[in-house]
Every structure is written in C-alpha cells, then in structure tokens.
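Only one structure is covered here, and it is reproduced in the block below.
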Protein chains: 2
Amino acid sequence: MSNLQHLTETLQQAGMRLTPQRIAICKLLAETEEHPTAAAIYEQIKSQFPSLSLATVYNTLDTLVSLGAVNVLGHAGDDHVHYDADMEPHVNLACVKCHKIIDIPSEHVHHLDSEITQASGFKLLGARVLYYGLCPACQAEPVEAATTW
Amino acid sequence: MSNLQHLTETLQQAGMRLTPQRIAICKLLAETEEHPTAAAIYEQIKSQFPSLSLATVYNTLDTLVSLGAVNVLGHAGDDHVHYDADMEPHVNLACVKCHKIIDIPSEHVHHLDSEITQASGFKLLGARVLYYGLCPACQAEPVEAATTW
DNA sequence: TTTTTATTTATAATCATTCTAAATTTAGAA
DNA sequence: TTCTAAATTTAGAATGATTATAAATAAAAA
C-alpha cells in the first residue's frame with residue numbers, strides 16, 4: 001500500500017470526508033522528501049486551491065497526527081513545526097546552518113521502542129528522534145554565530 | 001565536576017560574567033529533575049530576584065544552548081519549549097496526558113552517534129530524542145480526545 | 001574617579017498557531 | 001432532483017510564547 005493510500009484511508013476510517021483539500025495535503029505529505037511545515041504545505045497547494053485557508057492545513061495535520069499517521073518533528077532550528085509522514089523508526093538529521101533535514105535509517109532506533117517500553121511501562125504513541133549538526137557542505141564554510149535552538 | 005560547575009564554567013570560558021541571575025538559572029537547571037520551560041524557570045527564581053525579567057531567562061538559556069551545555073527538547077505536548085541540562089545521551093519520555101517528562105537511560109542511544117556520523121558525514125552538535133505515550137498512571141484512566149502534537 | 005562595556009530590565013513588537021462564526025460543500029433522504 | 005442536516009472550509013480576529021528595543025544599572029578598565 002502506498003503511503004498516500006495509507007493516509008487517505010486513515011482519514012476515511014476515522015469517519016472523515018476525503019475532500020480535495022485533504023487529498024492534496026496527504027499527497028504532498030506522502031510524496032515529499034522534505035519535512036514540510038504547515039506554511040510550506042499551504043504555499044505549495046495554494047496554486048491548486050486559491051481559496052485554501054491555513055486553518056484547513058492545520059486542521060488536517062492535527063487530525064493526521066492524532067490518528068497516528070503523521071509525526072510531528074517540532075522546531076528544527078527555525079521557528080516552524082515540521083511534519084513527517086514517514087512513521088518508520090528512523091533518525092531525522094537537521095543541519096543547523098542550511099536547515100535541511102534528511103532521514104537516516106538506523107539499526108539502533110529499531111530497538112529503542114522495546115527498550116523504552118520495558119524500562120518505563122509507558123504505552124508508546126510516537127517518537128521524535130532529531131539530531132542536529134553541520135552537514136558536509138556547511139562544514140566546508142566558516143562557522144559563524146551559533147544558531148539558536 | 002558537578003553539573004552546576006560545568007554550566008557556570010562554560011559561561012565564564014565564553015567570556016561572560018557570572019551574574020547572580022545567571023548563577024541561579026544554572027543552579028536550577030543543574031539540580032532539577034524536571035525539564036523546565038523558560039516560564040517555569042522564571043517563576044521559580046522570581047522569589048530570589050523580584051526584578052527578574054523573562055528576557056534574562058531566555059537570553060541565558062539561548063547562550064547555554066548555543067554553547068552546547070544545554071539541550072532544547074522542544075514542545076512536549078504543551079505549547080512551551082522544554083530545556084534539559086543533562087547532555088548525556090538518553091531518551092526523554094513524555095506522557096501526552098499528564099505532560100510529565102522522564103529520562104530513560106538507553107543502551108541503544110549510546111550507539112546512535114557513531115552510527116549517524118558514519119552514515120551522514122554530519123558533524124553532530126546535539127540530539128533530541130523524545131518519545132511520547134501514556135505513562136502507567138494515565139493508562140489506567142479512560143482515554144479521551146487525542147492531544148495535539 | 002571617569003569611561004567603557006556588559007547586563008538586566010520593562011515594554012513593545014512579532015508571528016506561528018488557534019479560535020470563531022459565517023459561508024460552502026457534501027451525503028443521504030424525500 | 002431538491003431538501004436538510006451535518007461536516008468542512010474559509011477569512012479574519014485573537015492568543016500567547018518568544019524576540020527585539022532602548023533605557024537603566026552594574027561591573028571592569030583606565
């Protein structure tokens with residue numbers, strides 16, 4: 001099953017309508033390699049739906065998050081909340097300089113779930129594994145004032 | 001070396017003055033088991049420094065963060081940024097219901113650093129490993145509308 | 001001292017996100 | 001088809017954490 005299907009079916013099974021706006025948001029989330037913010041999603045879909053409201057984007061994202069189909073990465077060096085539709089355990093790696101976020105498949109994160117569950121007795125609902133540093137390209141350039149995190 | 005010493009020395013070595021306000025903030029960060037927000041720190045220190053300004057708290061936190069002595073956890077189910085002076089690799093585990101955050105020592109997170117460095121070529125500066133779920137106490141109570149993340 | 005610089009403070013400004021109420025769309029019944 | 005009620009979208013206002021600004025204070029240097 002494609003990730004897009006997963007997202008739309010999640011909405012349907014929650015009894016929600018598959019409106020064109022919601023489909024477009026799911027499509028973007030499923031296909032992007034980025035880790036978009038609400039504003040970024042709004043900007044990219046705006047051309048298809050000139051009347052689109054930011055509230056719709058936030059509502060849809062919140063719904064998908066509370067249904068467990070989308071992950072919230074939180075702020076990543078900027079002042080925007082980033083979202084990630086890839087729910088497979090993986091590491092998100094952000095460059096504090098160019099603000100790009102990439103995914104790293106990791107052997108060890110796969111084991112974290114059970115390790116944490118056993119140690120804590122929590123019922124896990126999600127994770128946010130975000131490392132930050134300087135990407136190879138930005139390491140080449142001189143370091144300036146540290147970014148605020 | 002105590003964690004408090006580490007924090008104050010970090011400030012000094014950066015050429016900054018050890019003002020009473022900054023010392024109090026470092027002390028609180030070093031001694032708390034919580035993962036306080038700027039507002040929480042402000043509230044707790046206010047009694048010692050009635051004239052304290054929130055700006056001072058934010059400034060000091062930002063400085064400590066950019067010096068790599070304090071970690072920013074980001075939002076944790078509420079709308080506040082949480083800080084953590086424990087820089088040892090560990091898992092932060094937040095309950096989405098009672099909003100408590102606890103630390104979990106983890107064998108696997110210790111290995112993540114080298115794994116990520118090798119896979120990406122990034123120069124790592126920090127990490128934010130935050131899992132969320134329901135703590136044992138909150139699992140007992142009935143589940144209500146999902147919290148927005 | 002006097003001068004310079006760092007720091008704190010109070011307050012205003014910013015801006016991402018949330019809220020609200022009206023307008024629109026939809027699914028299903030008649 | 002048309003009607004009706006519920007869901008959804010929308011525009012714009014409101015919220016509130018954080019940041020910026022400029023004046024006041026404190027400390028260090030001369």
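By convention in this document, the chains of the structure tokens carry letters A, B, ... by their order, each chain's residues are numbered from 1, and ligands are numbered from 1 in the order they are shown.
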
Near chain B, meaning an atom within 12 Å, which residues of chain C appear when counting only C-alpha atoms (C1' of nucleotides)? Write them as an MDAnalysis selection string.
chainID C and resid 5:11 16:18

Would you mind exporting the chosen residues as a compact mmCIF listing (two decimals), in the first residue's frame, restricted to N, CA and C atoms (P, O5', C5', C4', C3', O3' and C1' of nucleotides)?
```
# COMPACT_ATOMS: atom_id res chain seq x y z
P DT C 5 33.99 50.51 24.54
O5' DT C 5 33.38 49.18 25.19
C5' DT C 5 34.19 48.41 26.09
C4' DT C 5 33.28 47.49 26.88
C3' DT C 5 32.17 46.84 26.04
O3' DT C 5 32.29 45.43 26.14
C1' DT C 5 31.30 47.72 28.06
P DA C 6 31.24 44.44 25.54
O5' DA C 6 30.47 43.91 26.85
C5' DA C 6 31.24 43.44 27.95
C4' DA C 6 30.30 43.03 29.07
C3' DA C 6 29.19 42.08 28.64
O3' DA C 6 29.05 41.10 29.66
C1' DA C 6 28.23 44.06 29.55
P DT C 7 28.01 39.95 29.58
O5' DT C 7 26.74 40.55 30.32
C5' DT C 7 26.88 40.96 31.69
C4' DT C 7 25.58 41.52 32.19
C3' DT C 7 24.35 40.69 31.85
O3' DT C 7 23.83 40.19 33.07
C1' DT C 7 23.98 43.02 31.54
P DT C 8 22.50 39.31 33.11
O5' DT C 8 21.39 40.38 33.51
C5' DT C 8 21.60 41.19 34.66
C4' DT C 8 20.51 42.24 34.72
C3' DT C 8 19.09 41.67 34.62
O3' DT C 8 18.37 42.09 35.76
C1' DT C 8 19.41 43.49 33.11
P DT C 9 16.97 41.47 36.10
O5' DT C 9 16.00 42.60 35.54
C5' DT C 9 16.20 43.95 35.93
C4' DT C 9 15.39 44.88 35.05
C3' DT C 9 13.95 44.42 34.80
O3' DT C 9 13.07 45.33 35.44
C1' DT C 9 15.01 45.22 32.80
P DA C 10 11.56 44.95 35.70
O5' DA C 10 10.85 45.83 34.56
C5' DA C 10 11.13 47.22 34.51
C4' DA C 10 10.49 47.80 33.27
C3' DA C 10 9.04 47.36 33.04
O3' DA C 10 8.28 48.51 32.74
C1' DA C 10 10.37 46.85 31.13
P DT C 11 6.74 48.39 32.48
O5' DT C 11 6.68 48.40 30.89
C5' DT C 11 7.55 49.30 30.19
C4' DT C 11 7.49 48.98 28.72
C3' DT C 11 6.12 48.50 28.22
O3' DT C 11 5.80 49.27 27.09
C1' DT C 11 7.83 47.09 27.43
P DA C 16 5.60 33.16 10.98
O5' DA C 16 5.27 31.70 11.51
C5' DA C 16 6.12 31.12 12.48
C4' DA C 16 5.30 30.39 13.51
C3' DA C 16 4.35 29.35 12.96
O3' DA C 16 4.41 28.20 13.79
C1' DA C 16 3.14 30.94 14.25
P DT C 17 3.65 26.86 13.35
O5' DT C 17 2.27 27.03 14.12
C5' DT C 17 2.30 27.06 15.54
C4' DT C 17 0.95 27.45 16.07
C3' DT C 17 -0.22 26.55 15.64
O3' DT C 17 -0.66 25.86 16.80
C1' DT C 17 -0.81 28.86 15.65
P DT C 18 -1.97 24.94 16.76
O5' DT C 18 -3.10 25.96 17.24
C5' DT C 18 -2.92 26.67 18.44
C4' DT C 18 -4.18 27.43 18.76
C3' DT C 18 -5.47 26.64 18.62
O3' DT C 18 -6.24 26.93 19.78
C1' DT C 18 -5.60 28.61 17.32
```

For chain A, work out the contacting residues on chain D at 12 Å, counting only C-alpha atoms (C1' of nucleotides), and write them as JSON, numbers by chain.
{"D": [6, 7, 8, 9, 10, 11, 12, 17, 18, 19]}

Please provide the set of residues having any atom within 12 Å of Leu64 of chain A, restricted to only C-alpha atoms (C1' of nucleotides), with same-chain residues fewer than 5 positions apart removed, written as a ChimeraX atom specification.
/A:6-14,16,22-23,25-26,29,57-59,69-72,83-85,87 /B:146-149

Select all residues from chain A having any atom no more than 9 Å from an atom of chain B (counting only C-alpha atoms, ignoring ligands), output as a PyMOL selection string.
chain A and resi 62-63+65-67+71-72+74-76+91+93+95-96+104-109+111-113+115-116+119-136+139+145-149

Keeping only C-alpha atoms, write those residues as a PDB file, in the first residue's frame.
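Once written, part11.pdb looks like this:
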```
ATOM      1  CA  ASP A  62      -3.648  17.860  13.559  1.00  0.00           C
ATOM      2  CA  THR A  63      -6.101  15.171  12.590  1.00  0.00           C
ATOM      3  CA  VAL A  65      -1.199  13.447  13.874  1.00  0.00           C
ATOM      4  CA  SER A  66      -3.787  12.459  16.419  1.00  0.00           C
ATOM      5  CA  LEU A  67      -4.647   9.443  14.267  1.00  0.00           C
ATOM      6  CA  ASN A  71       4.733  12.539  13.100  1.00  0.00           C
ATOM      7  CA  VAL A  72       5.493  15.980  14.494  1.00  0.00           C
ATOM      8  CA  GLY A  74       8.818  20.087  16.189  1.00  0.00           C
ATOM      9  CA  HIS A  75      11.040  23.068  15.623  1.00  0.00           C
ATOM     10  CA  ALA A  76      14.183  22.305  13.683  1.00  0.00           C
ATOM     11  CA  VAL A  91      16.642   9.342  12.632  1.00  0.00           C
ATOM     12  CA  LEU A  93      19.105  14.801  10.917  1.00  0.00           C
ATOM     13  CA  CYS A  95      21.685  20.946   9.527  1.00  0.00           C
ATOM     14  CA  VAL A  96      21.722  23.945  11.843  1.00  0.00           C
ATOM     15  CA  ILE A 104      18.858   8.265   8.311  1.00  0.00           C
ATOM     16  CA  PRO A 105      17.822   4.642   8.536  1.00  0.00           C
ATOM     17  CA  SER A 106      19.209   3.303  11.764  1.00  0.00           C
ATOM     18  CA  GLU A 107      19.690  -0.134  13.162  1.00  0.00           C
ATOM     19  CA  HIS A 108      19.604   1.116  16.724  1.00  0.00           C
ATOM     20  CA  VAL A 109      16.381   3.147  16.680  1.00  0.00           C
ATOM     21  CA  HIS A 111      15.436  -1.433  19.121  1.00  0.00           C
ATOM     22  CA  LEU A 112      14.566   1.668  21.109  1.00  0.00           C
ATOM     23  CA  ASP A 113      10.826   1.007  21.234  1.00  0.00           C
ATOM     24  CA  GLU A 115      13.856  -0.989  25.275  1.00  0.00           C
ATOM     25  CA  ILE A 116      11.823   2.036  26.365  1.00  0.00           C
ATOM     26  CA  ALA A 119      12.118   0.243  31.132  1.00  0.00           C
ATOM     27  CA  SER A 120       9.163   2.552  31.647  1.00  0.00           C
ATOM     28  CA  GLY A 121       5.861   0.758  31.321  1.00  0.00           C
ATOM     29  CA  PHE A 122       4.666   3.540  29.004  1.00  0.00           C
ATOM     30  CA  LYS A 123       2.347   2.782  26.140  1.00  0.00           C
ATOM     31  CA  LEU A 124       4.297   4.389  23.293  1.00  0.00           C
ATOM     32  CA  LEU A 125       2.417   6.519  20.798  1.00  0.00           C
ATOM     33  CA  GLY A 126       5.203   8.082  18.783  1.00  0.00           C
ATOM     34  CA  ALA A 127       8.721   9.351  18.694  1.00  0.00           C
ATOM     35  CA  ARG A 128      10.763  12.303  17.696  1.00  0.00           C
ATOM     36  CA  VAL A 129      14.369  11.440  17.055  1.00  0.00           C
ATOM     37  CA  LEU A 130      16.073  14.538  15.792  1.00  0.00           C
ATOM     38  CA  TYR A 131      19.801  15.001  15.667  1.00  0.00           C
ATOM     39  CA  TYR A 132      21.405  18.191  14.562  1.00  0.00           C
ATOM     40  CA  GLY A 133      24.746  19.279  13.352  1.00  0.00           C
ATOM     41  CA  LEU A 134      26.580  20.567  10.314  1.00  0.00           C
ATOM     42  CA  CYS A 135      26.085  18.860   7.002  1.00  0.00           C
ATOM     43  CA  PRO A 136      29.183  18.117   4.908  1.00  0.00           C
ATOM     44  CA  GLN A 139      31.230  22.180   7.357  1.00  0.00           C
ATOM     45  CA  ALA A 145      27.416  32.751  15.344  1.00  0.00           C
ATOM     46  CA  ALA A 146      25.645  29.684  16.638  1.00  0.00           C
ATOM     47  CA  THR A 147      22.061  29.164  15.681  1.00  0.00           C
ATOM     48  CA  THR A 148      19.544  29.367  18.472  1.00  0.00           C
ATOM     49  CA  TRP A 149      17.913  26.077  19.329  1.00  0.00           C
TER      50      TRP A 149
END
```

Those of chain B in DSSP strand (DSSP E), formatted as a VMD selection string:
chain B and resid 71 to 75 81 to 84 91 to 95 101 to 104 123 to 134

How many Å separate atom C1' of DT15 of chain D from atom CA of Thr60 of chain B?
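These atoms are spaced 25.9 Å apart.
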